[in-house]
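**Student:** What follows is upload_22.txt; its format and atoms are compact mmCIF, C-alpha atoms.
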# COMPACT_ATOMS: atom_id res chain seq x y z
CA MET A 14 -50.25 -53.01 -167.41
CA ASN A 15 -48.87 -56.56 -167.59
CA ARG A 16 -51.87 -58.84 -168.03
CA GLU A 17 -49.90 -62.00 -167.29
CA LYS A 18 -48.80 -60.61 -163.91
CA LEU A 19 -52.37 -59.57 -163.20
CA LYS A 20 -53.66 -63.06 -164.02
CA ASP A 21 -50.99 -64.78 -161.91
CA ALA A 22 -51.70 -62.50 -158.95
CA PHE A 23 -55.45 -62.97 -159.31
CA GLU A 24 -55.06 -66.75 -159.26
CA TYR A 25 -52.92 -66.54 -156.13
CA PHE A 26 -55.41 -64.34 -154.26
CA GLU A 27 -58.33 -66.44 -155.50
CA ASN A 28 -56.70 -69.50 -153.95
CA ARG A 29 -56.06 -67.68 -150.66
CA MET A 30 -59.81 -67.18 -150.17
CA SER A 31 -60.13 -70.70 -148.82
CA SER A 32 -57.53 -70.02 -146.09
CA CYS A 33 -56.94 -66.30 -145.88
CA ASP A 34 -53.56 -64.96 -144.77
CA LEU A 35 -53.39 -61.74 -146.80
CA CYS A 36 -52.86 -59.46 -143.80
CA ALA A 37 -50.71 -60.27 -140.80
CA ARG A 38 -53.71 -61.36 -138.74
CA ASN A 39 -53.39 -64.73 -140.47
CA CYS A 40 -56.97 -65.66 -139.67
CA MET A 41 -56.77 -68.62 -142.08
CA VAL A 42 -60.53 -68.34 -142.53
CA ASN A 43 -62.34 -69.82 -145.52
CA ARG A 44 -63.84 -66.58 -146.77
CA LYS A 45 -66.14 -68.41 -149.16
CA GLU A 46 -68.07 -69.56 -146.10
CA ASN A 47 -67.02 -67.36 -143.15
CA LYS A 48 -65.42 -64.01 -142.34
CA GLY A 49 -62.24 -63.14 -140.50
CA VAL A 50 -61.38 -60.14 -138.33
CA CYS A 51 -61.75 -57.84 -141.33
CA GLY A 52 -65.36 -58.94 -141.77
CA GLN A 53 -65.07 -59.57 -145.50
CA GLY A 54 -66.23 -62.38 -147.73
CA VAL A 55 -65.15 -62.97 -151.34
CA ASN A 56 -66.60 -59.92 -153.09
CA ALA A 57 -65.32 -56.42 -152.48
CA LYS A 58 -67.21 -54.04 -150.23
CA ILE A 59 -66.80 -50.28 -150.64
CA THR A 60 -68.13 -47.16 -148.95
CA ASN A 61 -67.23 -44.54 -151.52
CA ALA A 62 -65.35 -43.81 -154.73
CA ILE A 63 -64.41 -40.17 -155.24
CA LEU A 64 -61.95 -37.74 -156.73
CA HIS A 65 -59.98 -37.04 -153.57
CA PHE A 66 -57.89 -33.89 -153.19
CA GLY A 67 -56.57 -34.55 -149.69
CA GLU A 68 -53.78 -36.98 -150.56
CA GLU A 69 -50.13 -36.06 -151.12
CA PRO A 70 -49.80 -33.46 -153.92
CA PRO A 71 -48.20 -35.59 -156.66
CA LEU A 72 -50.87 -38.26 -156.25
CA VAL A 73 -53.62 -35.70 -156.75
CA GLY A 74 -52.60 -33.43 -159.62
CA ALA A 75 -55.33 -31.33 -161.19
CA GLY A 76 -57.93 -34.08 -161.30
CA GLY A 77 -57.66 -35.61 -157.86
CA ALA A 78 -56.73 -39.09 -156.71
CA GLY A 79 -59.33 -41.65 -157.70
CA ALA A 80 -59.90 -42.92 -154.17
CA ILE A 81 -61.87 -46.06 -153.41
CA PHE A 82 -62.56 -46.59 -149.72
CA PHE A 83 -62.91 -50.28 -148.96
CA SER A 84 -64.71 -51.69 -145.93
CA GLY A 85 -62.94 -53.79 -143.35
CA CYS A 86 -59.46 -53.83 -141.85
CA GLY A 87 -57.29 -56.34 -140.03
CA MET A 88 -56.36 -53.70 -137.45
CA ARG A 89 -58.59 -52.32 -134.71
CA CYS A 90 -57.19 -48.85 -134.04
CA VAL A 91 -59.00 -47.32 -131.07
CA TYR A 92 -58.73 -43.84 -132.64
CA CYS A 93 -59.66 -44.72 -136.24
CA GLN A 94 -61.45 -41.80 -137.88
CA ASN A 95 -63.01 -44.22 -140.36
CA PHE A 96 -64.19 -46.76 -137.79
CA GLY A 97 -67.65 -46.85 -139.37
CA PHE A 98 -66.40 -48.74 -142.39
CA SER A 99 -63.04 -50.05 -141.13
CA GLN A 100 -64.46 -51.74 -138.03
CA LEU A 101 -68.25 -51.55 -138.12
CA ASN A 102 -68.19 -52.77 -141.74
CA VAL A 103 -70.46 -50.14 -143.23
CA GLY A 104 -70.46 -50.33 -147.02
CA LYS A 105 -71.93 -51.91 -150.11
CA ALA A 106 -70.92 -55.23 -151.62
CA ILE A 107 -69.93 -54.96 -155.27
CA ASP A 108 -69.12 -57.61 -157.86
CA ASP A 109 -65.86 -57.60 -159.81
CA GLU A 110 -67.37 -56.28 -163.04
CA SER A 111 -68.93 -53.35 -161.21
CA LEU A 112 -65.64 -52.63 -159.43
CA ALA A 113 -63.89 -52.54 -162.81
CA ASP A 114 -66.53 -50.07 -163.96
CA VAL A 115 -65.73 -47.86 -160.95
CA PHE A 116 -62.06 -47.90 -161.97
CA MET A 117 -62.96 -46.80 -165.48
CA LYS A 118 -65.31 -44.06 -164.29
CA LEU A 119 -62.59 -42.57 -162.09
CA GLN A 120 -60.15 -42.60 -164.99
CA LYS A 121 -62.67 -40.95 -167.31
CA ALA A 122 -63.44 -38.34 -164.63
CA GLY A 123 -59.81 -37.19 -164.73
CA ALA A 124 -58.23 -38.98 -161.76
CA LYS A 125 -54.43 -38.89 -161.72
CA THR A 126 -54.08 -42.14 -159.76
CA LEU A 127 -56.16 -45.08 -158.58
CA ASP A 128 -55.97 -44.77 -154.80
CA LEU A 129 -56.93 -48.09 -153.18
CA VAL A 130 -57.58 -47.34 -149.49
CA THR A 131 -57.20 -50.39 -147.20
CA PRO A 132 -57.10 -52.82 -150.13
CA GLU A 133 -55.66 -55.87 -148.34
CA PRO A 134 -58.91 -57.80 -147.71
CA HIS A 135 -60.09 -57.19 -151.26
CA LEU A 136 -57.09 -58.14 -153.39
CA ARG A 137 -58.83 -61.00 -155.14
CA ALA A 138 -61.59 -58.68 -156.34
CA ILE A 139 -59.20 -55.82 -157.12
CA LEU A 140 -56.94 -57.95 -159.31
CA HIS A 141 -59.89 -59.41 -161.20
CA ALA A 142 -61.35 -55.93 -161.69
CA LEU A 143 -57.99 -54.69 -163.00
CA ILE A 144 -57.92 -57.51 -165.53
CA ILE A 145 -61.41 -56.55 -166.71
CA ALA A 146 -60.68 -52.81 -166.75
CA SER A 147 -57.39 -53.26 -168.63
CA GLU A 148 -59.37 -54.66 -171.54
CA SER A 149 -61.10 -51.27 -171.79
CA GLY A 150 -57.89 -49.23 -171.63
CA PHE A 151 -57.48 -48.64 -167.90
CA ASN A 152 -53.97 -47.33 -167.24
CA LEU A 153 -53.87 -45.18 -164.09
CA PRO A 154 -50.93 -45.59 -161.67
CA ILE A 155 -52.05 -47.87 -158.86
CA VAL A 156 -51.63 -46.63 -155.27
CA PHE A 157 -51.63 -49.26 -152.52
CA ASN A 158 -52.77 -47.18 -149.52
CA THR A 159 -51.96 -49.38 -146.54
CA SER A 160 -51.46 -49.63 -142.79
CA SER A 161 -48.38 -51.77 -143.63
CA TYR A 162 -49.82 -54.61 -141.53
CA VAL A 163 -49.61 -57.01 -144.44
CA ASN A 164 -47.67 -60.19 -145.10
CA VAL A 165 -44.60 -60.05 -147.31
CA GLU A 166 -45.91 -62.96 -149.39
CA THR A 167 -48.98 -60.90 -150.21
CA LEU A 168 -46.83 -57.97 -151.28
CA ALA A 169 -44.55 -60.20 -153.35
CA HIS A 170 -47.50 -61.08 -155.59
CA LEU A 171 -48.08 -57.38 -156.26
CA ASP A 172 -44.57 -56.84 -157.60
CA GLY A 173 -44.85 -55.23 -161.03
CA ILE A 174 -48.53 -54.37 -160.47
CA VAL A 175 -48.54 -51.70 -157.74
CA ASP A 176 -46.88 -48.47 -158.84
CA ILE A 177 -46.96 -46.51 -155.58
CA TYR A 178 -46.96 -47.79 -152.03
CA LEU A 179 -48.49 -45.23 -149.66
CA ALA A 180 -47.60 -46.95 -146.41
CA ASP A 181 -48.03 -46.11 -142.73
CA ILE A 182 -45.69 -46.37 -139.83
CA ARG A 183 -48.22 -46.24 -136.99
CA TYR A 184 -45.90 -47.28 -134.14
CA THR A 185 -42.33 -48.43 -133.65
CA ASP A 186 -43.08 -50.67 -130.69
CA ASP A 187 -45.13 -53.87 -130.80
CA GLU A 188 -46.60 -53.10 -127.38
CA MET A 189 -48.05 -49.82 -128.67
CA GLY A 190 -49.60 -51.66 -131.61
CA LYS A 191 -51.10 -54.19 -129.23
CA LYS A 192 -52.58 -51.53 -126.96
CA TYR A 193 -53.89 -49.07 -129.54
CA SER A 194 -54.56 -51.22 -132.62
CA LEU A 195 -55.13 -54.62 -130.96
CA VAL A 196 -52.53 -56.43 -133.05
CA PRO A 197 -49.65 -58.28 -131.39
CA ASN A 198 -46.78 -57.58 -133.77
CA TYR A 199 -47.35 -54.35 -135.70
CA TRP A 200 -43.78 -53.01 -135.77
CA THR A 201 -42.24 -56.43 -136.42
CA VAL A 202 -44.51 -56.91 -139.44
CA THR A 203 -44.23 -53.34 -140.68
CA GLN A 204 -40.44 -53.38 -140.88
CA ARG A 205 -40.57 -56.47 -143.09
CA SER A 206 -43.36 -55.14 -145.28
CA LEU A 207 -41.70 -51.74 -145.81
CA ARG A 208 -38.46 -53.41 -146.85
CA GLU A 209 -40.37 -55.45 -149.42
CA MET A 210 -42.22 -52.41 -150.75
CA TYR A 211 -38.93 -50.54 -151.08
CA ARG A 212 -37.30 -53.51 -152.82
CA GLN A 213 -40.06 -53.47 -155.42
CA VAL A 214 -40.39 -49.78 -156.25
CA GLY A 215 -37.63 -47.80 -154.53
CA PRO A 216 -38.26 -44.23 -153.32
CA PHE A 217 -41.15 -42.31 -154.83
CA LYS A 218 -40.27 -40.20 -157.86
CA GLU A 219 -42.96 -38.01 -159.38
CA GLU A 220 -41.44 -38.07 -162.86
CA ARG A 221 -42.06 -41.82 -163.10
CA MET A 222 -45.10 -41.90 -160.77
CA SER A 223 -43.70 -44.85 -158.91
CA GLY A 224 -42.14 -45.63 -155.56
CA LEU A 225 -42.65 -45.72 -151.80
CA ILE A 226 -44.06 -42.89 -149.68
CA VAL A 227 -44.17 -43.40 -145.90
CA ARG A 228 -46.89 -41.76 -143.87
CA HIS A 229 -46.52 -41.12 -140.15
CA LEU A 230 -49.32 -39.87 -137.94
CA ILE A 231 -48.02 -37.98 -134.90
CA LEU A 232 -49.76 -39.24 -131.75
CA PRO A 233 -49.86 -37.62 -128.30
CA ASN A 234 -47.24 -38.49 -125.71
CA ARG A 235 -44.76 -39.90 -128.28
CA ILE A 236 -46.86 -43.05 -128.64
CA ALA A 237 -46.09 -43.32 -132.37
CA GLY A 238 -42.31 -43.39 -131.80
CA SER A 239 -41.55 -40.70 -134.37
CA GLU A 240 -37.76 -40.60 -133.94
CA LYS A 241 -37.40 -44.36 -134.30
CA ALA A 242 -39.63 -44.24 -137.38
CA MET A 243 -37.50 -41.58 -139.06
CA ARG A 244 -34.31 -43.42 -138.19
CA PHE A 245 -35.67 -46.63 -139.71
CA ILE A 246 -36.60 -44.87 -142.94
CA ALA A 247 -33.22 -43.15 -143.24
CA GLU A 248 -31.04 -46.08 -142.21
CA GLU A 249 -33.00 -49.16 -143.30
CA LEU A 250 -34.68 -47.84 -146.44
CA SER A 251 -33.27 -44.61 -147.91
CA MET A 252 -33.11 -40.90 -147.16
CA SER A 253 -34.67 -40.52 -150.62
CA VAL A 254 -37.98 -42.03 -149.43
CA PRO A 255 -40.36 -39.08 -148.92
CA VAL A 256 -42.20 -38.86 -145.62
CA SER A 257 -45.73 -37.55 -145.24
CA LEU A 258 -45.92 -36.24 -141.67
CA MET A 259 -49.53 -35.97 -140.52
CA SER A 260 -50.68 -33.75 -137.68
CA GLN A 261 -54.44 -34.19 -137.96
CA TYR A 262 -54.88 -36.62 -135.06
CA PHE A 263 -57.96 -36.00 -132.98
CA PRO A 264 -59.58 -38.36 -130.50
CA VAL A 265 -62.61 -40.28 -131.70
CA TYR A 266 -64.23 -43.63 -131.03
CA LYS A 267 -62.60 -45.54 -128.15
CA ALA A 268 -59.73 -43.05 -127.83
CA LEU A 269 -62.07 -40.67 -126.06
CA LYS A 270 -61.94 -42.97 -123.02
CA MET A 271 -58.14 -43.37 -122.99
CA LYS A 272 -56.58 -40.43 -121.17
CA GLU A 273 -53.17 -40.49 -122.88
CA ILE A 274 -54.69 -40.18 -126.38
CA SER A 275 -57.85 -38.24 -125.54
CA ARG A 276 -56.42 -34.94 -126.83
CA LYS A 277 -54.90 -33.52 -130.00
CA ILE A 278 -51.12 -33.20 -130.27
CA ASP A 279 -49.60 -29.97 -129.02
CA ASP A 280 -47.08 -27.57 -130.60
CA ASP A 281 -44.09 -29.16 -128.85
CA GLU A 282 -44.98 -32.65 -130.08
CA TYR A 283 -45.45 -31.36 -133.60
CA ILE A 284 -42.15 -29.45 -133.69
CA GLU A 285 -40.33 -32.41 -132.17
CA ALA A 286 -41.55 -34.65 -135.01
CA LEU A 287 -40.45 -32.05 -137.57
CA ASP A 288 -37.05 -31.94 -135.88
CA MET A 289 -36.73 -35.67 -136.44
CA LEU A 290 -37.23 -35.23 -140.16
CA GLU A 291 -34.44 -32.68 -140.23
CA LYS A 292 -32.19 -34.75 -137.97
CA TYR A 293 -32.32 -37.70 -140.36
CA ASN A 294 -32.19 -35.59 -143.54
CA LEU A 295 -35.61 -36.68 -144.73
CA GLU A 296 -37.95 -34.72 -146.96
CA GLY A 297 -41.58 -34.93 -147.93
CA TRP A 298 -44.78 -33.18 -146.95
CA TYR A 299 -46.32 -32.04 -143.71
CA GLN A 300 -49.59 -30.62 -142.46
CA PRO A 301 -49.29 -27.40 -140.44
CA LEU A 302 -50.76 -27.99 -137.01
CA HIS A 303 -52.56 -24.66 -137.16
CA GLU A 304 -52.40 -21.31 -138.95
CA LYS A 305 -49.40 -20.07 -136.95
CA MET A 306 -47.40 -23.13 -137.97
CA LYS A 307 -47.60 -22.54 -141.73
CA GLY A 308 -44.14 -22.20 -143.16
CA VAL A 309 -42.34 -23.76 -140.19
CA TYR A 310 -39.51 -25.92 -141.53
CA ALA A 311 -40.82 -25.40 -145.07
CA LYS A 312 -37.34 -24.94 -146.51
CA SER A 313 -35.94 -28.14 -145.08
CA ILE A 314 -38.74 -30.65 -145.57
CA GLU A 315 -41.60 -29.41 -147.70
CA ARG A 316 -41.32 -30.38 -151.36
Would you encode the structure as structure tokens?

**Tutor:**
Amino acid sequence: MNREKLKDAFEYFENRMSSCDLCARNCMVNRKENKGVCGQGVNAKITNAILHFGEEPPLVGAGGAGAIFFSGCGMRCVYCQNFGFSQLNVGKAIDDESLADVFMKLQKAGAKTLDLVTPEPHLRAILHALIIASESGFNLPIVFNTSSYVNVETLAHLDGIVDIYLADIRYTDDEMGKKYSLVPNYWTVTQRSLREMYRQVGPFKEERMSGLIVRHLILPNRIAGSEKAMRFIAEELSMSVPVSLMSQYFPVYKALKMKEISRKIDDDEYIEALDMLEKYNLEGWYQPLHEKMKGVYAKSIER
């Protein structure tokens, strides 16, 4: 872990606290005195830190991913399963030294990776905690688990620090992002941010525990734009970038009152998304929609 890069990044994020533009909301709030859309001040706020076995297989290994779930988010997804801490700001404030201690405890517990879930609002604290933990021998691969709604300048200061970008494509249409996540320019921002992530680390390779993985949650009624997402990955990034296709959508929170997303996806929608992976020669991981779906397309896309 390059301490000079850590220190430079920490100084940058420390300075951004007086006019925050880390995510693409660009609130420009002085977080030393006020809070932006994400609801965060200067110190980190977390809800849990666990050995998590539900992430993509190479990130988990035998010991689990060392997942830290941070409070707050610049997006306002109407179907967010974690709305309690992403939008209602449930969690516990923690100082940088204590956050560093959490990193070390996860490493000592056998975690294969440090999985930072929604880290964008907390980068100042995270970088400082990494500096502190590195002095005690912290060396886990760092996973930046993100919605992709983050400014390129923010990502540029993580170059050489983040090992693995675990990045969403939620929608491929800005209007869908506006309607279902209440942000005006999701797809415009996400294309830029994914290109920057790919520039830094290339496609994920397990042997070096580095690279970009793209996650895509299938939504009802083609709202997520799955074909356009797969085409972007194949043509604008690389067919070597693994895709994690997620089928676990279920309506919660405000989605329950929106007819078009008030149900789970059906078999046809699931198979159509799998077809898109095959059409664009992409590989990765997928979640069977139900017991009968296990093994479907396993040869072509399941690593």

**Student:** Go ahead and fit an axis-aligned box to every listed atom of stretch 126-134 of chain A plus 8 Å each side, and pass me the centre and edge lengths in Å, one decimal, as JSON.

**Tutor:**
{"center_x": -56.5, "center_y": -50.0, "center_z": -153.5, "size_x": 20.8, "size_y": 31.7, "size_z": 28.6}

**Student:** Using only C-alpha atoms, which of the listed residues (A:Leu168, A:Leu19, A:Ala122, A:Leu64) sits closest to A:His141?

**Tutor:**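 Going through A:Leu168, A:Leu19, A:Ala122, A:Leu64 one by one, the smallest distance to A:His141 is for A:Leu19.
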
**Student:** Compile the contact shell of A:Asp186 as a list in words: residues with an atom at most 9 Å away, counting all atoms listed in the file, same-chain residues fewer than 5 positions apart removed.

**Tutor:**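 My list of contacting residues is Lys191, Asn198, Tyr199, Trp200, Thr201, Ile236, Ala237 and Gly238 of chain A.
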
**Student:** Distance atom CA of A:Tyr178-atom CA of A:Pro132, one decimal place?

**Tutor:** 11.5 Å

**Student:** Give me the residues within 8 Å of A:Ile107 as a compact mmCIF listing (two decimals) with C-alpha atoms, keeping the file's coordinate frame, counting all atoms listed in the file and dropping any in the same chain fewer than 4 places off.

**Tutor:**
# COMPACT_ATOMS: atom_id res chain seq x y z
CA ASN A 56 -66.60 -59.92 -153.09
CA ALA A 57 -65.32 -56.42 -152.48
CA LYS A 58 -67.21 -54.04 -150.23
CA ILE A 59 -66.80 -50.28 -150.64
CA SER A 111 -68.93 -53.35 -161.21
CA LEU A 112 -65.64 -52.63 -159.43

**Student:** Counting all atoms listed in the file, which of A:Glu209, A:Ala22, A:Met41, A:Met14 gets nearest to A:Asp176?

**Tutor:**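 Nearest to A:Asp176: A:Met14.
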
**Student:** Rank A:Lys20, A:Thr131, A:Leu225, A:Ala78 by their smallest atom-to-atom distance to A:Phe116, using all atoms listed in the file, and report the top residue only.

**Tutor:** A:Ala78

**Student:** Find, counting only C-alpha atoms, the residue in A:Gln53, A:Arg221, A:Ser275, A:Glu248 that gets nearest to A:Gln100.

**Tutor:**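 Of A:Gln53, A:Arg221, A:Ser275, A:Glu248, the one nearest A:Gln100 is A:Gln53, counting only C-alpha atoms.
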
**Student:** Could you tell me which of A:Asn15, A:Gln120, A:Ser257, A:Ile144 comes closest to A:Asp181 if we count all atoms listed in the file?

**Tutor:** A:Ser257

**Student:** Calculated over all atoms listed in the file, which of the candidates A:Asp108, A:Pro154, A:Gln261, A:Gly74 has the smallest distance to A:Ser223?

**Tutor:**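 That would be A:Pro154, the residue with the smallest distance to A:Ser223.
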
**Student:** Can you work out the spacing between atom CA of A:Lys270 and atom CA of A:Asp187 in Å, to one decimal?

**Tutor:**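 A separation of 21.5 Å between them.
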
**Student:** Counting all atoms listed in the file, write as a PyMOL selection string all protein and nucleic acid residues lying at most 12 Å from (-68.8, -55.7, -150.5) in the file's frame.

**Tutor:** chain A and resi 51-61+82-85+98+102-109+111-112+134-135+138-139
